[in-house]
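Asks: One structure, pasted below without further comment.
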Amino acid sequence: MIATFMKQVSTHLDSNPVSNQRFSHNEETLKQIAQDILQRAGKGGASACETDVSDGFGQSVTVRRGEVETIEYNRDKGLVVTVYLGKQRGYASTSDFSAPAVRDAVDAALSIARHTAADECAGLADQNLLARDIPDLDLYHPWELNVEQAIELARSCEAAAFAADKRVSNSEGATVSIQEMHFIYANTLGFMSGFPSSRHSIGCAVIAGKDEAMQRDEWYDVARAQNDLEAAKSIGEKAGRRCVQRLGARKISTLQVPVLFEAPLAATLIGHFVAAASGGNLYRKSSFLLDSLGKQVFASLVQIKELPHLKKGLASSAFDDEGVITREREVVKNGLLQGYFLGSYSARKLGMQSTGNAGGNHNLLLQSGEFDLAGLLKQMDRGLLVTDLLGQGVNVVTGDYSRGASGFWVEHGEIQYPVQEITIAGNLKDMFRGIVAVGKDILVRGSKQCGSVLIDNMTIAGD
């Protein structure tokens, strides 16, 4: 039977009364549902149980050519429950918070567990790794923006894109989005905690030119607090300018040259690294970074830190999806891999300890160098600036990398003309070790934060 709960960890939900007014269910309701689930699981014979109960809402408004195209509202709630019968595990979920539905979800998880094979690595996180003192990371900032205000903001964003250049001929729309949620995670080791969070965004995508010469580009920003968002007009202007810059794009011949990934795309390179260094791919032996701890993975200038406790961070959290405490750490130091990304299950499979990454990484920061984008172009001298990627040609098992791309041809450190319909290819092992500079033009749009990245040599397949 489940042991009597230990003293629960303090829950740091926002004390602002707006929190309870805006959400369909308040903190105490979520905690009560979580406790009911744990108790039901115990009565059903579970040796352990964990649950996540969440509630949130959103509003999204899109304007296209000055007219309202869509207004969307969402009210989302749900719970997941995982029960353990020794080393047998069962999982169930529901979006119905009524007492009968909650009981049915627990009973379903118990039934599934009884029919699954035992797995020696299954179970809750190690108790000594659970978070206890949970800081307020300032992640919840309600945006009191009604529909009419959102429409006007979107209109101003799109209008700025059209005003940026007369060659902007059409629009895919400007969107203003608000998302807010809160949750409680609890398990039978005595952990129960959660917090509210918000994520707001403004974006615009436009088209320049006409007929077969048309080009498309976009710009957007995302932040926890509306005051931290880039101004709507500035976002629109950037979308318009970027789009026009792509007009007159050419093809280029096949060759091998340095490649500079613009900051928004450089983050995808860090994403490929995370995938290869994550527990699931490692214990399945489906990663090109197997047995790489302590080894040279990147060029020696590369430093990557995980910073889970950044105030207002888009991927900040005091604990992971299993309640394990998150800690600041060096993931890559002087190009050497210092640690993987592990949850409890993958850590046990590998004979290691959880790194607090159940559910993903937390604010990875690639340390920047001294140059902005213009400085990196000068350093590259001749090569390709990539501003858009197409397709999913990345093999995490082998590291092979091949993606459609467009961007700009660079000579003597200056952009010469836009290029399109090309493919860039290489291997992530070589690409990571071939990083010769990281820009200070850091862009924050998610859990990976980095500037533009210059790689010494890749194959460009063109005509």
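Chain lettering (A, B, ...) mirrors the order of the structure tokens, residue numbering begins at 1 for each chain separately, and ligand numbering begins at 1 in order of display.
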So that I can check the secondary structure, give me every residue of stretch 250-288 of chain A assigned alpha helix (DSSP H) by backbone DSSP, as a PyMOL selection string.
Replies: chain A and resi 263-276+279-283
Asks: Any idea what's packed within 9 Å of A:Gly393, counting only C-alpha atoms, ignoring anything in its chain fewer than 2 positions away? Could you give it as a list in words?
Replies: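 In the requested form, the answer reads Leu390, Gly391, Asn395, Asp400, Tyr401, Ser402, Arg403 and Gly404 of chain A.
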Asks: Between A:Ser286, A:Ser317, A:Ser278, A:Thr70, which one has atoms that come closest to A:Ala347, using only C-alpha atoms?
Replies: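 Between A:Ser286, A:Ser317, A:Ser278, A:Thr70, the residue approaching A:Ala347 most closely is A:Ser278.
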Asks: Calculated over only C-alpha atoms, which of the candidates A:Lys166, A:Arg224, A:Arg433, A:Lys305 has the smallest distance to A:Glu237?
Replies: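 Among the listed residues, A:Lys166 lies closest to A:Glu237.
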Asks: Give me the residues near A:Gly343 as a ChimeraX atom specification, where near means some atom within 12 Å (using only C-alpha atoms) and where sequence neighbours in that chain fewer than 3 positions away do not count.
Replies: /A:121-126,129,278-280,282-283,319-326,340,346-361
Asks: Go ahead and save the picked residues with N, CA and C atoms, as a CSV table (one decimal), in the first residue's frame.
Replies:
chain,number,residue,atom,x,y,z
A,121,CYS,N,13.3,-0.8,-14.6
A,121,CYS,CA,13.6,0.7,-14.5
A,121,CYS,C,12.4,1.6,-14.3
A,122,ALA,N,11.2,1.0,-14.2
A,122,ALA,CA,10.0,1.8,-14.0
A,122,ALA,C,9.9,2.2,-12.6
A,123,GLY,N,9.3,3.3,-12.3
A,123,GLY,CA,9.1,3.8,-11.0
A,123,GLY,C,9.2,5.3,-10.9
A,124,LEU,N,8.8,5.8,-9.7
A,124,LEU,CA,8.9,7.3,-9.5
A,124,LEU,C,10.4,7.7,-9.4
A,125,ALA,N,10.6,9.0,-9.5
A,125,ALA,CA,11.9,9.5,-9.3
A,125,ALA,C,12.5,9.2,-7.9
A,126,ASP,N,13.8,9.2,-7.8
A,126,ASP,CA,14.4,8.9,-6.5
A,126,ASP,C,14.0,10.0,-5.6
A,129,LEU,N,16.1,13.1,-4.9
A,129,LEU,CA,16.3,14.1,-5.9
A,129,LEU,C,15.2,15.1,-6.1
A,278,SER,N,19.9,13.0,-25.5
A,278,SER,CA,18.8,12.7,-24.6
A,278,SER,C,18.7,11.2,-24.3
A,279,GLY,N,18.3,10.9,-23.1
A,279,GLY,CA,18.3,9.5,-22.6
A,279,GLY,C,17.6,8.5,-23.5
A,280,GLY,N,16.4,8.9,-24.0
A,280,GLY,CA,15.7,7.9,-24.8
A,280,GLY,C,16.5,7.4,-26.0
A,282,LEU,N,19.8,7.6,-26.3
A,282,LEU,CA,21.0,7.0,-25.9
A,282,LEU,C,20.8,5.5,-25.5
A,283,TYR,N,19.8,5.3,-24.6
A,283,TYR,CA,19.6,3.9,-24.2
A,283,TYR,C,19.1,3.0,-25.3
A,319,PHE,N,11.5,22.4,-11.1
A,319,PHE,CA,11.6,21.0,-11.1
A,319,PHE,C,11.1,20.5,-12.4
A,320,ASP,N,11.4,19.2,-12.7
A,320,ASP,CA,11.1,18.7,-14.0
A,320,ASP,C,9.7,18.0,-13.9
A,321,ASP,N,9.3,17.2,-14.9
A,321,ASP,CA,8.0,16.6,-15.0
A,321,ASP,C,7.8,15.5,-14.0
A,322,GLU,N,8.9,15.1,-13.3
A,322,GLU,CA,8.8,14.1,-12.2
A,322,GLU,C,9.0,14.7,-10.8
A,323,GLY,N,9.1,16.0,-10.8
A,323,GLY,CA,9.4,16.6,-9.5
A,323,GLY,C,10.8,16.7,-9.1
A,324,VAL,N,11.7,16.3,-10.0
A,324,VAL,CA,13.2,16.3,-9.7
A,324,VAL,C,13.7,17.7,-9.8
A,325,ILE,N,14.5,18.1,-8.8
A,325,ILE,CA,15.0,19.5,-8.8
A,325,ILE,C,15.9,19.8,-10.0
A,326,THR,N,15.8,20.9,-10.6
A,326,THR,CA,16.6,21.4,-11.7
A,326,THR,C,17.7,22.2,-11.1
A,340,TYR,N,24.4,14.5,-20.1
A,340,TYR,CA,23.3,14.2,-21.0
A,340,TYR,C,22.0,14.8,-20.4
A,346,SER,N,15.2,6.9,-18.2
A,346,SER,CA,16.4,6.7,-19.1
A,346,SER,C,17.7,6.7,-18.2
A,347,ALA,N,17.7,7.4,-17.1
A,347,ALA,CA,18.9,7.3,-16.3
A,347,ALA,C,19.1,5.9,-15.7
A,348,ARG,N,18.1,5.3,-15.3
A,348,ARG,CA,18.2,3.9,-14.8
A,348,ARG,C,18.6,3.0,-15.9
A,349,LYS,N,18.1,3.2,-17.1
A,349,LYS,CA,18.5,2.3,-18.2
A,349,LYS,C,20.0,2.4,-18.5
A,350,LEU,N,20.5,3.6,-18.3
A,350,LEU,CA,21.9,3.9,-18.6
A,350,LEU,C,22.8,3.7,-17.3
A,351,GLY,N,22.2,3.3,-16.2
A,351,GLY,CA,23.0,3.2,-15.0
A,351,GLY,C,23.5,4.5,-14.4
A,352,MET,N,22.7,5.6,-14.7
A,352,MET,CA,23.1,6.9,-14.3
A,352,MET,C,22.0,7.5,-13.4
A,353,GLN,N,22.1,8.8,-13.1
A,353,GLN,CA,21.2,9.5,-12.3
A,353,GLN,C,20.5,10.6,-13.1
A,354,SER,N,19.2,10.8,-12.8
A,354,SER,CA,18.4,11.8,-13.5
A,354,SER,C,19.1,13.2,-13.4
A,355,THR,N,19.0,13.9,-14.5
A,355,THR,CA,19.6,15.3,-14.6
A,355,THR,C,18.5,16.3,-14.4
A,356,GLY,N,17.3,15.9,-14.1
A,356,GLY,CA,16.2,16.8,-14.0
A,356,GLY,C,15.6,17.3,-15.3
A,357,ASN,N,15.7,16.4,-16.3
A,357,ASN,CA,15.3,16.7,-17.7
A,357,ASN,C,14.1,15.9,-18.2
A,358,ALA,N,13.4,15.3,-17.2
A,358,ALA,CA,12.1,14.6,-17.7
A,358,ALA,C,11.2,15.7,-18.3
A,359,GLY,N,10.9,15.6,-19.5
A,359,GLY,CA,10.0,16.6,-20.1
A,359,GLY,C,10.8,17.6,-21.0
A,360,GLY,N,12.2,17.5,-21.0
A,360,GLY,CA,12.9,18.4,-21.8
A,360,GLY,C,14.0,19.2,-21.1
A,361,ASN,N,14.7,20.0,-21.9
A,361,ASN,CA,15.8,20.8,-21.4
A,361,ASN,C,15.2,22.2,-20.9
Asks: Quote the spacing between atom CA of A:Glu152 and atom CA of A:Asn170 in Å to one decimal place.
Replies: 18.6 Å
Asks: Neighbouring residues of A:Val331 were defined as those with any atom within 10 Å, considering only C-alpha atoms; residues of the same chain fewer than 3 positions away were excluded. Please report them as a list of chain:residue names.
Replies: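 The contact residues come out as A:Ala277, A:Leu293, A:Gln303, A:Ile304, A:Lys305, A:Glu306, A:Glu328, A:Gly335, A:Leu336, A:Leu337, A:Gln338, A:Gly339, A:Tyr340, A:Phe341, A:Leu364, A:Leu365, A:Leu366.
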Asks: Tell me, in Å to one decimal, how far atom CA of A:Val297 is from atom CA of A:Val436.
Replies: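 If I compute the distance from atom CA of A:Val297 to atom CA of A:Val436, I get 13.7 Å.
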Asks: Compare A:Ile33, A:Ala118, A:Val147, A:Leu314 by their minimum atom-to-atom distance to A:Asp96, counting only C-alpha atoms, and give me the closest one.
Replies: A:Ile33
Asks: Taking 4 positions as the minimum chain separation for residues in the same chain, which residues sit within 12 Å of A:Lys238 when counting only C-alpha atoms? Answer as a CSV table (one decimal) with C-alpha atoms, in the first residue's frame.
Replies:
chain,number,residue,atom,x,y,z
A,157,CYS,CA,1.6,44.9,-37.0
A,158,GLU,CA,0.4,44.0,-40.5
A,159,ALA,CA,0.2,47.6,-41.6
A,160,ALA,CA,3.8,48.2,-40.6
A,161,ALA,CA,4.8,45.2,-42.8
A,162,PHE,CA,3.0,46.7,-45.9
A,163,ALA,CA,4.5,50.1,-45.1
A,164,ALA,CA,8.0,48.8,-44.9
A,165,ASP,CA,8.2,48.5,-48.7
A,168,VAL,CA,5.1,43.8,-50.1
A,203,GLY,CA,3.9,37.5,-35.4
A,204,CYS,CA,3.4,38.5,-39.0
A,205,ALA,CA,4.0,36.7,-42.3
A,206,VAL,CA,3.9,38.6,-45.7
A,217,ASP,CA,9.1,35.7,-44.9
A,218,GLU,CA,8.0,36.3,-41.4
A,219,TRP,CA,9.0,37.6,-38.0
A,220,TYR,CA,7.6,37.0,-34.5
A,221,ASP,CA,8.4,37.4,-30.8
A,230,GLU,CA,9.0,43.5,-29.3
A,231,ALA,CA,6.7,46.2,-30.4
A,232,ALA,CA,4.0,45.1,-32.9
A,233,LYS,CA,5.0,47.7,-35.5
A,234,SER,CA,8.7,46.7,-35.3
A,242,ARG,CA,13.1,40.5,-44.7
A,243,CYS,CA,10.5,39.5,-47.3
A,244,VAL,CA,11.6,42.1,-49.8
A,245,GLN,CA,15.3,41.3,-49.3
Asks: Check which residues of stretch 151-222 of chain A sit at most 8 Å from stretch 34-52 of chain A using only C-alpha atoms, and return one row each with the closest pair of atoms and their distance in Å to one decimal, ordered by chain and rising number, as JSON lines.
Replies:
{"residue": "A:Phe183", "atom": "CA", "partner": "A:Asp52", "partner_atom": "CA", "distance": 7.0}
{"residue": "A:Ile184", "atom": "CA", "partner": "A:Asp52", "partner_atom": "CA", "distance": 5.8}
{"residue": "A:Tyr185", "atom": "CA", "partner": "A:Asp52", "partner_atom": "CA", "distance": 4.4}
{"residue": "A:Ala186", "atom": "CA", "partner": "A:Thr51", "partner_atom": "CA", "distance": 5.5}
{"residue": "A:Asn187", "atom": "CA", "partner": "A:Glu50", "partner_atom": "CA", "distance": 4.1}
{"residue": "A:Thr188", "atom": "CA", "partner": "A:Cys49", "partner_atom": "CA", "distance": 5.7}
Asks: Which residue is closest to A:Ser197? Choose from A:Ile442, A:Ala105, A:Leu30, A:Ala225 and count only C-alpha atoms.
Replies: A:Ala225
Asks: Which residues are near A:Ile112? Cut-off 9 Å, only C-alpha atoms, ignore same chain within fewer than 2 positions. Put them as a list in words.
Replies: Gln88, Arg89, Gly90, Tyr91, Ala92, Asp107, Ala108, Ala109, Leu110, Arg114, His115 and Thr116 of chain A
Asks: So that I have them on file, write out the residues from the current selection with N, CA and C atoms, as a PDB file, in the first residue's frame.
Replies:
ATOM      1  N   GLN A  88       5.366  -2.913 -12.577  1.00  0.00           N
ATOM      2  CA  GLN A  88       4.414  -2.828 -13.679  1.00  0.00           C
ATOM      3  C   GLN A  88       3.794  -1.437 -13.690  1.00  0.00           C
ATOM      4  N   ARG A  89       3.654  -0.881 -14.882  1.00  0.00           N
ATOM      5  CA  ARG A  89       3.217   0.510 -14.988  1.00  0.00           C
ATOM      6  C   ARG A  89       1.974   0.617 -15.881  1.00  0.00           C
ATOM      7  N   GLY A  90       1.039   1.485 -15.465  1.00  0.00           N
ATOM      8  CA  GLY A  90      -0.139   1.772 -16.261  1.00  0.00           C
ATOM      9  C   GLY A  90      -0.387   3.265 -16.326  1.00  0.00           C
ATOM     10  N   TYR A  91      -0.936   3.716 -17.439  1.00  0.00           N
ATOM     11  CA  TYR A  91      -1.088   5.153 -17.687  1.00  0.00           C
ATOM     12  C   TYR A  91      -2.466   5.414 -18.269  1.00  0.00           C
ATOM     13  N   ALA A  92      -3.106   6.498 -17.822  1.00  0.00           N
ATOM     14  CA  ALA A  92      -4.399   6.896 -18.382  1.00  0.00           C
ATOM     15  C   ALA A  92      -4.528   8.407 -18.265  1.00  0.00           C
ATOM     16  N   ASP A 107      -8.756   3.825 -12.324  1.00  0.00           N
ATOM     17  CA  ASP A 107      -9.047   2.395 -12.472  1.00  0.00           C
ATOM     18  C   ASP A 107      -8.511   1.868 -13.796  1.00  0.00           C
ATOM     19  N   ALA A 108      -8.598   2.687 -14.849  1.00  0.00           N
ATOM     20  CA  ALA A 108      -8.066   2.269 -16.145  1.00  0.00           C
ATOM     21  C   ALA A 108      -6.558   2.093 -16.084  1.00  0.00           C
ATOM     22  N   ALA A 109      -5.881   3.018 -15.416  1.00  0.00           N
ATOM     23  CA  ALA A 109      -4.433   2.906 -15.272  1.00  0.00           C
ATOM     24  C   ALA A 109      -4.052   1.654 -14.487  1.00  0.00           C
ATOM     25  N   LEU A 110      -4.817   1.358 -13.437  1.00  0.00           N
ATOM     26  CA  LEU A 110      -4.560   0.149 -12.652  1.00  0.00           C
ATOM     27  C   LEU A 110      -4.755  -1.104 -13.495  1.00  0.00           C
ATOM     28  N   ARG A 114      -1.848  -3.992 -14.557  1.00  0.00           N
ATOM     29  CA  ARG A 114      -1.947  -5.430 -14.243  1.00  0.00           C
ATOM     30  C   ARG A 114      -1.631  -6.299 -15.460  1.00  0.00           C
ATOM     31  N   HIS A 115      -1.746  -5.723 -16.652  1.00  0.00           N
ATOM     32  CA  HIS A 115      -1.548  -6.509 -17.863  1.00  0.00           C
ATOM     33  C   HIS A 115      -0.249  -6.172 -18.590  1.00  0.00           C
ATOM     34  N   THR A 116       0.605  -5.386 -17.972  1.00  0.00           N
ATOM     35  CA  THR A 116       1.882  -5.054 -18.595  1.00  0.00           C
ATOM     36  C   THR A 116       3.002  -5.846 -17.954  1.00  0.00           C
TER      37      THR A 116
END
